[in-house]
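Peer 1: Following this line is coords_18.tsv, made up of TSV, C-alpha atoms:
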chain	number	residue	atom	x	y	z
A	1	MET	CA	12.89	-35.78	-31.69
A	2	ALA	CA	13.21	-32.01	-31.98
A	3	LYS	CA	16.67	-30.49	-31.73
A	4	VAL	CA	17.42	-26.98	-30.54
A	5	LEU	CA	20.51	-25.63	-32.28
A	6	VAL	CA	22.03	-22.27	-31.41
A	7	VAL	CA	24.18	-20.43	-33.94
A	8	THR	CA	26.50	-18.25	-31.91
A	9	SER	CA	29.92	-16.56	-31.96
A	10	GLY	CA	30.40	-13.79	-29.43
A	11	LYS	CA	31.84	-11.48	-32.05
A	12	GLY	CA	29.54	-9.69	-34.49
A	13	GLY	CA	29.73	-9.78	-38.25
A	14	VAL	CA	31.27	-13.23	-38.56
A	15	GLY	CA	28.31	-14.81	-40.36
A	16	LYS	CA	25.82	-16.08	-37.77
A	17	THR	CA	22.72	-14.94	-39.65
A	18	THR	CA	24.08	-16.02	-43.04
A	19	SER	CA	24.88	-19.43	-41.55
A	20	THR	CA	21.50	-19.75	-39.81
A	21	ALA	CA	19.69	-19.04	-43.09
A	22	ALA	CA	21.89	-21.35	-45.16
A	23	LEU	CA	21.83	-24.29	-42.72
A	24	GLY	CA	18.10	-23.85	-42.07
A	25	ALA	CA	17.26	-23.77	-45.77
A	26	THR	CA	19.40	-26.83	-46.50
A	27	LEU	CA	17.93	-28.89	-43.66
A	28	ALA	CA	14.45	-27.92	-44.90
A	29	GLN	CA	15.37	-29.04	-48.41
A	30	MET	CA	16.48	-32.35	-46.95
A	31	GLY	CA	12.91	-32.84	-45.72
A	32	GLU	CA	13.33	-31.67	-42.12
A	33	LYS	CA	10.77	-29.32	-40.65
A	34	VAL	CA	12.78	-26.27	-39.62
A	35	VAL	CA	12.11	-23.02	-37.80
A	36	VAL	CA	14.78	-20.33	-37.64
A	37	VAL	CA	14.36	-18.03	-34.65
A	38	ASP	CA	15.82	-14.54	-34.52
A	39	PHE	CA	17.01	-13.66	-30.98
A	40	ASP	CA	18.43	-10.27	-31.89
A	41	VAL	CA	15.74	-8.10	-30.32
A	42	GLY	CA	15.94	-4.53	-31.61
A	43	LEU	CA	18.37	-5.45	-34.41
A	44	ARG	CA	16.61	-8.23	-36.28
A	45	ASN	CA	18.06	-9.21	-39.64
A	46	LEU	CA	17.19	-12.82	-40.27
A	47	ASP	CA	13.92	-11.70	-41.90
A	48	LEU	CA	15.93	-9.56	-44.34
A	49	ILE	CA	18.43	-12.30	-45.18
A	50	LEU	CA	15.51	-14.67	-45.88
A	51	GLY	CA	13.66	-12.05	-47.95
A	52	ALA	CA	10.66	-12.08	-45.58
A	53	GLU	CA	11.01	-8.57	-44.16
A	54	ARG	CA	7.72	-7.35	-45.60
A	55	ARG	CA	5.75	-10.29	-44.26
A	56	VAL	CA	6.47	-9.74	-40.56
A	57	VAL	CA	3.26	-9.02	-38.65
A	58	PHE	CA	3.80	-10.45	-35.18
A	59	ASP	CA	7.08	-11.30	-33.50
A	60	PHE	CA	8.67	-13.34	-30.70
A	61	ILE	CA	7.90	-10.72	-28.02
A	62	ASN	CA	4.25	-10.50	-29.11
A	63	VAL	CA	3.97	-14.24	-28.53
A	64	VAL	CA	5.76	-14.06	-25.16
A	65	GLN	CA	3.36	-11.33	-24.05
A	66	GLY	CA	0.28	-13.12	-25.34
A	67	VAL	CA	-0.58	-10.48	-27.97
A	68	ALA	CA	-0.40	-13.15	-30.67
A	69	ASN	CA	-0.20	-16.91	-30.68
A	70	LEU	CA	2.73	-18.80	-32.16
A	71	SER	CA	1.01	-19.76	-35.42
A	72	GLN	CA	0.23	-16.10	-36.11
A	73	ALA	CA	3.86	-15.08	-35.67
A	74	LEU	CA	5.46	-17.89	-37.69
A	75	ILE	CA	6.23	-16.98	-41.31
A	76	ARG	CA	6.43	-19.77	-43.87
A	77	ASP	CA	9.15	-19.41	-46.48
A	78	LYS	CA	7.84	-18.79	-50.01
A	79	ARG	CA	10.38	-21.12	-51.62
A	80	LEU	CA	10.61	-23.95	-49.10
A	81	GLU	CA	7.45	-25.29	-47.52
A	82	ASN	CA	9.40	-26.86	-44.64
A	83	LEU	CA	11.13	-23.64	-43.59
A	84	TRP	CA	9.62	-21.20	-41.11
A	85	LEU	CA	10.81	-17.99	-39.49
A	86	LEU	CA	10.02	-16.61	-36.05
A	87	PRO	CA	11.15	-12.97	-36.25
A	88	ALA	CA	12.52	-10.90	-33.37
A	89	SER	CA	10.89	-7.67	-32.31
A	90	GLN	CA	12.44	-4.63	-33.94
A	91	THR	CA	10.88	-2.01	-31.68
A	92	ARG	CA	11.30	-3.48	-28.21
A	93	ASP	CA	14.55	-3.58	-26.28
A	94	LYS	CA	16.31	-6.76	-25.31
A	95	ASP	CA	14.91	-6.71	-21.77
A	96	ALA	CA	11.52	-7.69	-23.18
A	97	LEU	CA	12.97	-11.19	-23.60
A	98	THR	CA	12.52	-13.24	-20.44
A	99	GLU	CA	13.85	-16.66	-19.56
A	100	GLU	CA	10.35	-17.87	-18.79
A	101	GLY	CA	9.00	-16.57	-22.11
A	102	VAL	CA	11.81	-18.15	-24.13
A	103	SER	CA	11.41	-21.43	-22.26
A	104	LYS	CA	7.70	-21.55	-23.07
A	105	ILE	CA	8.13	-20.77	-26.77
A	106	VAL	CA	11.02	-23.20	-27.25
A	107	ALA	CA	8.93	-25.93	-25.58
A	108	GLU	CA	6.03	-25.20	-27.95
A	109	LEU	CA	8.31	-25.13	-31.01
A	110	ARG	CA	9.73	-28.53	-30.00
A	111	THR	CA	6.30	-30.07	-30.50
A	112	LYS	CA	5.99	-28.68	-34.05
A	113	PHE	CA	9.47	-28.84	-35.62
A	114	ASP	CA	12.44	-31.16	-36.14
A	115	TRP	CA	14.96	-28.32	-35.86
A	116	ILE	CA	14.72	-25.09	-33.90
A	117	ILE	CA	17.66	-22.98	-35.03
A	118	CYS	CA	18.33	-20.00	-32.77
A	119	ASP	CA	20.21	-17.12	-34.40
A	120	SER	CA	22.06	-15.51	-31.50
A	121	PRO	CA	22.85	-11.81	-31.30
A	122	ALA	CA	26.51	-10.83	-30.91
A	123	GLY	CA	27.89	-10.24	-27.43
A	124	ILE	CA	27.38	-12.13	-24.19
A	125	GLU	CA	24.37	-10.23	-22.87
A	126	ARG	CA	20.85	-11.44	-22.25
A	127	GLY	CA	19.90	-12.07	-25.91
A	128	ALA	CA	22.95	-14.26	-26.45
A	129	THR	CA	22.62	-16.16	-23.18
A	130	LEU	CA	18.91	-16.80	-23.80
A	131	ALA	CA	19.58	-17.94	-27.38
A	132	MET	CA	21.91	-20.67	-26.06
A	133	ARG	CA	20.01	-21.40	-22.84
A	134	TYR	CA	17.89	-24.34	-24.10
A	135	ALA	CA	20.24	-25.58	-26.83
A	136	ASP	CA	20.95	-29.25	-27.43
A	137	GLU	CA	23.62	-28.42	-30.01
A	138	ALA	CA	25.62	-25.34	-30.92
A	139	VAL	CA	27.29	-24.07	-34.07
A	140	ILE	CA	30.10	-21.69	-33.16
A	141	VAL	CA	30.80	-19.43	-36.12
A	142	THR	CA	34.43	-18.30	-36.22
A	143	ASN	CA	36.53	-16.28	-38.65
A	144	PRO	CA	40.22	-17.27	-38.83
A	145	GLU	CA	41.19	-14.07	-37.08
A	146	VAL	CA	42.41	-13.37	-33.51
A	147	SER	CA	39.46	-11.44	-32.07
A	148	SER	CA	36.90	-13.87	-33.45
A	149	VAL	CA	38.80	-16.90	-32.09
A	150	ARG	CA	39.13	-15.30	-28.68
A	151	ASP	CA	35.41	-14.50	-28.51
A	152	SER	CA	34.54	-18.02	-29.65
A	153	ASP	CA	36.61	-19.41	-26.80
A	154	ARG	CA	34.61	-17.31	-24.38
A	155	ILE	CA	31.32	-18.48	-25.89
A	156	ILE	CA	32.45	-22.13	-25.70
A	157	GLY	CA	33.08	-21.55	-21.98
A	158	MET	CA	29.52	-20.22	-21.62
A	159	LEU	CA	28.02	-23.15	-23.54
A	160	ASP	CA	29.76	-25.43	-21.05
A	161	SER	CA	28.45	-23.60	-17.99
A	162	LYS	CA	25.41	-21.40	-18.60
A	163	THR	CA	23.08	-23.69	-20.55
A	164	VAL	CA	20.35	-25.91	-19.11
A	165	LYS	CA	22.22	-28.95	-20.46
A	166	ALA	CA	25.40	-27.90	-18.65
A	167	GLU	CA	23.53	-27.29	-15.41
A	168	GLN	CA	22.06	-30.79	-15.65
A	169	GLY	CA	25.56	-32.19	-15.96
A	170	GLU	CA	25.16	-32.91	-19.67
A	171	GLN	CA	26.94	-31.28	-22.61
A	172	VAL	CA	25.72	-29.10	-25.42
A	173	GLN	CA	27.08	-30.79	-28.55
A	174	LYS	CA	29.38	-28.18	-30.10
A	175	HIS	CA	30.34	-27.75	-33.74
A	176	LEU	CA	32.84	-25.27	-35.10
A	177	LEU	CA	32.03	-23.54	-38.40
A	178	VAL	CA	34.93	-21.57	-39.85
A	179	THR	CA	33.66	-18.88	-42.21
A	180	ARG	CA	35.35	-16.39	-44.55
A	181	PHE	CA	38.24	-18.79	-44.97
A	182	ASP	CA	40.80	-18.02	-47.66
A	183	THR	CA	42.78	-21.15	-48.56
A	184	ALA	CA	45.47	-19.26	-50.46
A	185	ARG	CA	46.14	-16.77	-47.67
A	186	ALA	CA	46.24	-19.53	-45.06
A	187	ALA	CA	48.70	-21.46	-47.24
A	188	ARG	CA	50.93	-18.37	-47.39
A	189	GLY	CA	50.84	-18.05	-43.60
A	190	GLU	CA	48.84	-14.83	-43.75
A	191	MET	CA	45.79	-16.34	-42.08
A	192	LEU	CA	45.30	-18.79	-39.24
A	193	SER	CA	44.98	-22.28	-40.70
A	194	ILE	CA	42.07	-24.62	-39.94
A	195	ASP	CA	44.46	-26.72	-37.85
A	196	ASP	CA	45.48	-23.65	-35.83
A	197	VAL	CA	41.86	-22.76	-35.08
A	198	LEU	CA	40.96	-26.36	-34.23
A	199	GLU	CA	43.94	-26.76	-31.94
A	200	ILE	CA	43.18	-23.54	-30.08
A	201	LEU	CA	39.43	-24.06	-29.71
A	202	ALA	CA	39.48	-27.87	-29.38
A	203	THR	CA	36.01	-28.21	-30.88
A	204	PRO	CA	34.93	-30.61	-33.68
A	205	LEU	CA	34.79	-29.01	-37.12
A	206	LEU	CA	31.41	-28.81	-38.86
A	207	GLY	CA	32.54	-27.08	-42.01
A	208	ILE	CA	34.75	-24.55	-43.74
A	209	ILE	CA	32.96	-21.77	-45.61
A	210	PRO	CA	35.24	-20.02	-48.10
A	211	GLU	CA	35.35	-16.23	-48.35
A	212	SER	CA	33.12	-15.44	-51.31
A	213	GLN	CA	31.28	-12.66	-53.09
A	214	ASP	CA	28.31	-14.98	-53.42
A	215	VAL	CA	27.36	-14.35	-49.78
A	216	LEU	CA	26.79	-10.63	-50.33
A	217	ARG	CA	25.07	-11.31	-53.64
A	218	ALA	CA	22.58	-13.62	-51.91
A	219	SER	CA	21.89	-11.22	-49.03
A	220	ASN	CA	21.29	-8.38	-51.51
A	221	VAL	CA	18.32	-10.28	-52.94
A	222	GLY	CA	17.09	-11.81	-49.68
A	223	SER	CA	17.88	-15.42	-50.38
A	224	PRO	CA	19.90	-17.95	-48.36
A	225	VAL	CA	23.20	-18.45	-50.19
A	226	THR	CA	22.36	-22.13	-50.70
A	227	LEU	CA	19.15	-21.26	-52.56
A	228	ASN	CA	20.48	-18.31	-54.50
A	229	ASP	CA	23.18	-20.36	-56.20
A	230	ALA	CA	23.42	-23.92	-54.92
A	231	ARG	CA	26.51	-24.52	-57.04
A	232	SER	CA	28.52	-21.63	-55.59
A	233	ALA	CA	31.45	-22.47	-53.32
A	234	PRO	CA	29.89	-21.22	-50.04
A	235	ALA	CA	26.60	-22.97	-50.87
A	236	ARG	CA	28.35	-26.32	-51.38
A	237	ALA	CA	30.22	-25.84	-48.12
A	238	TYR	CA	26.98	-25.10	-46.23
A	239	ILE	CA	25.24	-28.09	-47.81
A	240	ASP	CA	28.10	-30.34	-46.64
A	241	ALA	CA	27.86	-28.81	-43.15
A	242	ALA	CA	24.09	-29.43	-43.01
A	243	ARG	CA	24.62	-33.06	-44.03
A	244	ARG	CA	27.11	-33.43	-41.18
A	245	LEU	CA	24.51	-31.99	-38.79
A	246	MET	CA	22.22	-34.79	-39.98
A	247	GLY	CA	24.88	-37.29	-38.98
A	248	GLU	CA	26.24	-38.04	-42.44
A	249	THR	CA	29.96	-38.51	-42.91
A	250	VAL	CA	31.10	-36.04	-45.56
A	251	PRO	CA	34.80	-35.58	-46.41
A	252	MET	CA	36.03	-32.20	-45.20
A	253	MET	CA	37.22	-29.92	-47.98
A	254	VAL	CA	37.08	-26.29	-48.94
A	255	PRO	CA	35.01	-25.87	-52.10
A	256	VAL	CA	36.52	-23.51	-54.64
A	257	ALA	CA	34.63	-21.26	-57.01
A	258	ARG	CA	34.13	-22.76	-60.44
A	259	LYS	CA	35.24	-20.50	-63.23
A	260	GLY	CA	32.77	-20.06	-66.04
A	261	LEU	CA	33.82	-20.19	-69.70
A	262	MET	CA	33.74	-16.41	-70.04
A	263	ASP	CA	35.83	-16.02	-66.89
A	264	ARG	CA	38.40	-18.41	-68.33
A	265	LEU	CA	38.49	-16.67	-71.69
A	266	LEU	CA	38.82	-13.26	-70.11
A	267	GLY	CA	41.30	-14.53	-67.54
A	268	ARG	CA	39.16	-13.25	-64.69
A	269	ARG	CA	40.03	-14.34	-61.21
A	270	ALA	CA	37.45	-16.41	-59.46
A	271	ALA	CA	35.53	-14.58	-56.76
B	272	MET	CA	71.47	-2.19	-53.28
B	273	ILE	CA	68.23	-4.01	-52.50
B	274	ASN	CA	68.36	-5.94	-49.27
B	275	LEU	CA	66.83	-9.21	-50.46
B	276	PRO	CA	66.56	-11.05	-47.11
B	277	ARG	CA	64.85	-8.02	-45.61
B	278	LEU	CA	62.43	-7.89	-48.52
B	279	PHE	CA	61.44	-11.48	-47.80
B	280	ARG	CA	61.24	-10.96	-44.07
B	281	SER	CA	58.77	-8.12	-44.39
B	282	ARG	CA	56.37	-10.56	-46.05
B	283	ALA	CA	57.01	-13.22	-43.42
B	284	ALA	CA	54.03	-15.24	-42.27
B	285	SER	CA	52.01	-13.46	-39.59
B	286	ALA	CA	49.66	-16.36	-38.82
B	287	PRO	CA	52.16	-18.11	-36.48
B	288	VAL	CA	52.32	-14.87	-34.48
B	289	ALA	CA	48.51	-14.80	-34.25
B	290	ARG	CA	48.47	-18.42	-33.18
B	291	GLU	CA	51.06	-17.93	-30.45
B	292	ARG	CA	49.42	-14.78	-29.10
B	293	LEU	CA	46.06	-16.55	-28.92
B	294	GLN	CA	47.49	-19.60	-27.18
B	295	ILE	CA	49.11	-17.48	-24.47
B	296	LEU	CA	46.09	-15.20	-24.04
B	297	LEU	CA	43.51	-17.98	-23.91
B	298	ALA	CA	45.53	-20.07	-21.46
B	299	HIS	CA	45.44	-17.03	-19.21
B	300	GLU	CA	41.76	-16.17	-19.77
B	301	ARG	CA	40.59	-19.74	-19.27
B	302	GLY	CA	42.37	-19.72	-15.92
B	303	LEU	CA	40.62	-16.53	-14.94
B	304	ARG	CA	37.14	-17.92	-15.61
B	305	GLY	CA	35.27	-18.13	-12.35
B	306	GLN	CA	38.22	-16.50	-10.63
B	307	PRO	CA	36.47	-13.23	-9.59
B	308	ASP	CA	34.03	-15.33	-7.57
B	309	LEU	CA	36.87	-17.10	-5.78
B	310	LEU	CA	38.46	-13.79	-4.82
B	311	GLU	CA	35.16	-12.41	-3.55
B	312	LEU	CA	34.67	-15.56	-1.46
B	313	LEU	CA	38.16	-15.23	0.02
B	314	ARG	CA	37.57	-11.57	0.78
B	315	ALA	CA	34.27	-12.25	2.54
B	316	GLU	CA	35.68	-15.09	4.65
B	317	ILE	CA	38.83	-13.19	5.63
B	318	LEU	CA	36.67	-10.21	6.58
B	319	SER	CA	34.41	-12.32	8.78
B	320	VAL	CA	37.33	-14.02	10.58
B	321	VAL	CA	39.25	-10.81	11.28
B	322	SER	CA	36.04	-8.95	12.23
B	323	ARG	CA	35.58	-11.31	15.16
B	324	HIS	CA	38.59	-9.75	16.83
B	325	VAL	CA	39.01	-6.28	15.32
B	326	ALA	CA	36.40	-3.81	14.08
B	327	LEU	CA	37.02	-3.38	10.35
B	328	ASP	CA	35.74	-1.23	7.55
B	329	PRO	CA	34.63	-3.83	4.95
B	330	GLU	CA	35.72	-1.44	2.20
B	331	LYS	CA	39.30	-1.55	3.46
B	332	VAL	CA	39.85	-5.26	2.83
B	333	HIS	CA	41.59	-5.93	-0.48
B	334	VAL	CA	42.36	-9.34	-1.90
B	335	LYS	CA	44.47	-9.52	-5.02
B	336	MET	CA	45.84	-12.41	-7.00
B	337	ASP	CA	48.81	-12.16	-9.35
B	338	ARG	CA	49.51	-14.94	-11.78
B	339	GLY	CA	53.13	-15.47	-12.69
B	340	ASP	CA	54.74	-17.98	-15.00
B	341	HIS	CA	55.95	-20.18	-12.17
B	342	VAL	CA	54.20	-19.02	-9.02
B	343	SER	CA	51.12	-16.97	-8.28
B	344	THR	CA	50.79	-14.72	-5.27
B	345	LEU	CA	47.77	-13.94	-3.15
B	346	GLU	CA	47.97	-10.52	-1.59
B	347	VAL	CA	45.67	-9.61	1.30
B	348	ASP	CA	45.62	-6.00	2.39
B	349	ILE	CA	43.56	-5.13	5.48
B	350	GLU	CA	43.47	-1.66	6.89
B	351	VAL	CA	42.93	-1.73	10.67
B	352	PRO	CA	41.58	1.49	12.18
B	353	ASN	CA	44.01	2.80	14.78
B	354	ALA	CA	41.33	4.28	17.02
B	355	VAL	CA	43.24	3.79	20.28
B	356	GLU	CA	46.36	5.56	19.09
B	357	ARG	CA	44.41	8.42	17.59
B	358	TRP	CA	42.60	8.85	20.89
B	359	ALA	CA	45.89	8.79	22.76
B	360	ALA	CA	47.39	11.44	20.47
B	361	ALA	CA	44.42	13.72	21.02
B	362	VAL	CA	44.97	13.64	24.80
Just dump the structure as structure tokens.

Peer 2:
Amino acid sequence: MAKVLVVTSGKGGVGKTTSTAALGATLAQMGEKVVVVDFDVGLRNLDLILGAERRVVFDFINVVQGVANLSQALIRDKRLENLWLLPASQTRDKDALTEEGVSKIVAELRTKFDWIICDSPAGIERGATLAMRYADEAVIVTNPEVSSVRDSDRIIGMLDSKTVKAEQGEQVQKHLLVTRFDTARAARGEMLSIDDVLEILATPLLGIIPESQDVLRASNVGSPVTLNDARSAPARAYIDAARRLMGETVPMMVPVARKGLMDRLLGRRAA
Amino acid sequence: MINLPRLFRSRAASAPVARERLQILLAHERGLRGQPDLLELLRAEILSVVSRHVALDPEKVHVKMDRGDHVSTLEVDIEVPNAVERWAAAV
């Protein structure tokens, strides 16, 4: 049965789009049929992170307004045959997104895919509320930092009250994904620890993504971090997280960057 | 002379401070969720009850809630137009 998963955070710049691309790509590699949907109308970026920015012809709003049908707007990934993108409109404003339109498209996507991953815009306005509206599950992306944790708490409150599931007396299944985590700084007491964040937000942990230069490197070339270098520390962390989404039990650990021979010889610090 | 303890203190862990600030703030904010609606409901009901007996300007009814550590207070401030007295003064 199809699952609608929203990737959300409240705060901007914490890694929602990076996480959407990485989790989507990994689930697709595991054989699941996945569509990643960009809800950030006017500020779309998922197309860029996936390296599909030049292939966008029609978008979400075009489908809502009947200018194009869904199959015309869906873009198939060039590397993974199971991964598809539904881009947001770059030219319209966020009011072009209606509850009725989103409901219709999500219902249609449910008949075609195993996973519908909704990349939420930052904030708590219409785009963000519509991205979570029909979700069965949610990944809350949080940095171990006070403003991000506070905003995540607010978003968790909205997931528990403003979604269709919540209104039906059910629960959106929530998963916490801590990104940009620095084990050494947390150990020195300079950064909130995973236990701190878990205790404050009281939400099950999906994964810990270490702070890494590999994330920027992958976005520079338009490739999900898991495809760009599957052996990098953030990629391994995302792959573990995706396996947990599939119901596997994977021991929780923070992958560390592997130093290459040259790095060792030159005494370079791992990124 | 270098003040060694002070040197160490300046590098003291800041994460526990972050954690404590968040715990206090979020306990407060979680309590506030849905609260504005409650206040608006109280305001509307108080207005309708008092309006049955005294003509009121709806804008002059203020309901405020203060949350303290041990007790919270609900403050209701209703301005009643003193039409009779003003009339009397004019005569």

Peer 1: I'd like the contact shell of Leu109 (chain A) - 9 Å cut-off, only C-alpha atoms, skipping same-chain residues fewer than 5 positions apart - returned as a PyMOL selection string.

Peer 2: chain A and resi 2+35+70+104+114-116

Peer 1: May I have the residues from that selection written out with C-alpha atoms, as a CSV table (one decimal), keeping the file's coordinate frame?

Peer 2:
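What ended up in result_28.csv:
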chain,number,residue,atom,x,y,z
A,2,ALA,CA,13.2,-32.0,-32.0
A,35,VAL,CA,12.1,-23.0,-37.8
A,70,LEU,CA,2.7,-18.8,-32.2
A,104,LYS,CA,7.7,-21.6,-23.1
A,114,ASP,CA,12.4,-31.2,-36.1
A,115,TRP,CA,15.0,-28.3,-35.9
A,116,ILE,CA,14.7,-25.1,-33.9

Peer 1: I need the chain B residues near chain A as a VMD selection string; criterion: at most 6 Å, counting all atoms listed in the file.

Peer 2: chain B and resid 284 to 286

Peer 1: Taking C-alpha atoms for each residue, export the selection above as a PDB file, keeping the file's coordinate frame.

Peer 2:
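Everything below was put into selection07.pdb:
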ATOM      1  CA  ALA B 284      54.030 -15.240 -42.270  1.00  0.00           C
ATOM      2  CA  SER B 285      52.010 -13.460 -39.590  1.00  0.00           C
ATOM      3  CA  ALA B 286      49.660 -16.360 -38.820  1.00  0.00           C
TER       4      ALA B 286
END

Peer 1: In Å, rounded to a single decimal, give me how far CA of Met252 (chain A) is from CA of Ile209 (chain A).

Peer 2: 10.9 Å

Peer 1: Rounded to one decimal in Å, what is the spacing between CA of Ile61 (chain A) and CA of Trp84 (chain A)?

Peer 2: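 Between CA of Ile61 (chain A) and CA of Trp84 (chain A) the gap is 16.9 Å.
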
Peer 1: What gap, in Å, lies between CA of Gln294 (chain B) and CA of Val139 (chain A)?

Peer 2: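 We find that CA of Gln294 (chain B) and CA of Val139 (chain A) lie 21.8 Å from each other.
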
Peer 1: Extract, using all atoms listed in the file, all DNA, RNA and protein residues at most 7 Å from region 345-351 of chain B, discarding same-chain residues fewer than 6 positions from it, and format them as a list in words.

Peer 2: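 Contacts, with the query itself left out: Leu327, Lys331, Val332, His333, Val334, Lys335, Met336 and Asp337 of chain B.
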
Peer 1: Excluding region 213-224 of chain A and any residue of its chain fewer than 6 positions from it, enumerate the residues within 9 Å of it, using all atoms listed in the file, and give them as a PDB file with C-alpha atoms, in the frame of the given file.

Peer 2:
ATOM      1  CA  THR A  18      24.080 -16.020 -43.040  1.00  0.00           C
ATOM      2  CA  SER A  19      24.880 -19.430 -41.550  1.00  0.00           C
ATOM      3  CA  THR A  20      21.500 -19.750 -39.810  1.00  0.00           C
ATOM      4  CA  ALA A  21      19.690 -19.040 -43.090  1.00  0.00           C
ATOM      5  CA  ALA A  22      21.890 -21.350 -45.160  1.00  0.00           C
ATOM      6  CA  LEU A  23      21.830 -24.290 -42.720  1.00  0.00           C
ATOM      7  CA  GLY A  24      18.100 -23.850 -42.070  1.00  0.00           C
ATOM      8  CA  ALA A  25      17.260 -23.770 -45.770  1.00  0.00           C
ATOM      9  CA  ASP A  47      13.920 -11.700 -41.900  1.00  0.00           C
ATOM     10  CA  LEU A  48      15.930  -9.560 -44.340  1.00  0.00           C
ATOM     11  CA  ILE A  49      18.430 -12.300 -45.180  1.00  0.00           C
ATOM     12  CA  LEU A  50      15.510 -14.670 -45.880  1.00  0.00           C
ATOM     13  CA  GLY A  51      13.660 -12.050 -47.950  1.00  0.00           C
ATOM     14  CA  ALA A  52      10.660 -12.080 -45.580  1.00  0.00           C
ATOM     15  CA  GLU A  53      11.010  -8.570 -44.160  1.00  0.00           C
ATOM     16  CA  SER A 232      28.520 -21.630 -55.590  1.00  0.00           C
ATOM     17  CA  ALA A 233      31.450 -22.470 -53.320  1.00  0.00           C
ATOM     18  CA  PRO A 234      29.890 -21.220 -50.040  1.00  0.00           C
ATOM     19  CA  ALA A 235      26.600 -22.970 -50.870  1.00  0.00           C
ATOM     20  CA  ALA A 271      35.530 -14.580 -56.760  1.00  0.00           C
TER      21      ALA A 271
END

Peer 1: Nearest residue to Val37 (chain A) out of A:Gly123, A:Gly66, A:Gly13, A:Pro87, using all atoms listed in the file?

Peer 2: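 With all atoms listed in the file as the atom set, the closest residue is A:Pro87.
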
Peer 1: What lies within 8 Å of Ala128 (chain A) using all atoms listed in the file, ignoring chain neighbours under 6 positions off, as a list in words?

Peer 2: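 Those residues are Thr8, Phe39, Ser120, Pro121 and Ala122 of chain A.
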
Peer 1: Just checking: using all atoms listed in the file, which residue out of A:Glu125, A:Glu137, A:Ser89, A:Leu83 ends up closest to Met246 (chain A)?

Peer 2: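 Comparing A:Glu125, A:Glu137, A:Ser89, A:Leu83 against Met246 (chain A), the winner is A:Glu137.
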
Peer 1: Can you fill out region 291-301 of chain B with N, CA, C and O atoms and hand it back as an mmCIF file, in the coordinates of the input?

Peer 2:
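Done, and the output landed in part-v2.cif:
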data_model
loop_
_atom_site.group_PDB
_atom_site.id
_atom_site.type_symbol
_atom_site.label_atom_id
_atom_site.label_comp_id
_atom_site.auth_asym_id
_atom_site.auth_seq_id
_atom_site.Cartn_x
_atom_site.Cartn_y
_atom_site.Cartn_z
ATOM 1 N N GLU B 291 50.357 -17.940 -31.731
ATOM 2 C CA GLU B 291 51.060 -17.930 -30.450
ATOM 3 C C GLU B 291 50.420 -16.947 -29.467
ATOM 4 O O GLU B 291 50.235 -17.251 -28.287
ATOM 5 N N ARG B 292 50.060 -15.774 -29.974
ATOM 6 C CA ARG B 292 49.420 -14.780 -29.100
ATOM 7 C C ARG B 292 48.117 -15.335 -28.529
ATOM 8 O O ARG B 292 47.810 -15.171 -27.356
ATOM 9 N N LEU B 293 47.342 -15.987 -29.380
ATOM 10 C CA LEU B 293 46.060 -16.550 -28.920
ATOM 11 C C LEU B 293 46.277 -17.638 -27.877
ATOM 12 O O LEU B 293 45.567 -17.698 -26.875
ATOM 13 N N GLN B 294 47.257 -18.498 -28.129
ATOM 14 C CA GLN B 294 47.490 -19.600 -27.180
ATOM 15 C C GLN B 294 47.846 -19.071 -25.800
ATOM 16 O O GLN B 294 47.341 -19.560 -24.794
ATOM 17 N N ILE B 295 48.702 -18.050 -25.766
ATOM 18 C CA ILE B 295 49.110 -17.480 -24.470
ATOM 19 C C ILE B 295 47.926 -16.780 -23.802
ATOM 20 O O ILE B 295 47.617 -17.008 -22.638
ATOM 21 N N LEU B 296 47.223 -15.961 -24.583
ATOM 22 C CA LEU B 296 46.090 -15.200 -24.040
ATOM 23 C C LEU B 296 44.995 -16.118 -23.512
ATOM 24 O O LEU B 296 44.480 -15.924 -22.417
ATOM 25 N N LEU B 297 44.643 -17.132 -24.295
ATOM 26 C CA LEU B 297 43.510 -17.980 -23.910
ATOM 27 C C LEU B 297 43.857 -18.870 -22.725
ATOM 28 O O LEU B 297 43.007 -19.136 -21.882
ATOM 29 N N ALA B 298 45.118 -19.289 -22.635
ATOM 30 C CA ALA B 298 45.530 -20.070 -21.460
ATOM 31 C C ALA B 298 45.294 -19.231 -20.213
ATOM 32 O O ALA B 298 44.799 -19.714 -19.197
ATOM 33 N N HIS B 299 45.616 -17.956 -20.321
ATOM 34 C CA HIS B 299 45.440 -17.030 -19.210
ATOM 35 C C HIS B 299 43.950 -16.796 -18.915
ATOM 36 O O HIS B 299 43.504 -16.910 -17.779
ATOM 37 N N GLU B 300 43.181 -16.501 -19.976
ATOM 38 C CA GLU B 300 41.760 -16.170 -19.770
ATOM 39 C C GLU B 300 40.948 -17.364 -19.279
ATOM 40 O O GLU B 300 40.014 -17.204 -18.507
ATOM 41 N N ARG B 301 41.311 -18.546 -19.730
ATOM 42 C CA ARG B 301 40.590 -19.740 -19.270
ATOM 43 C C ARG B 301 40.826 -19.929 -17.775
ATOM 44 O O ARG B 301 39.931 -20.322 -17.049
#
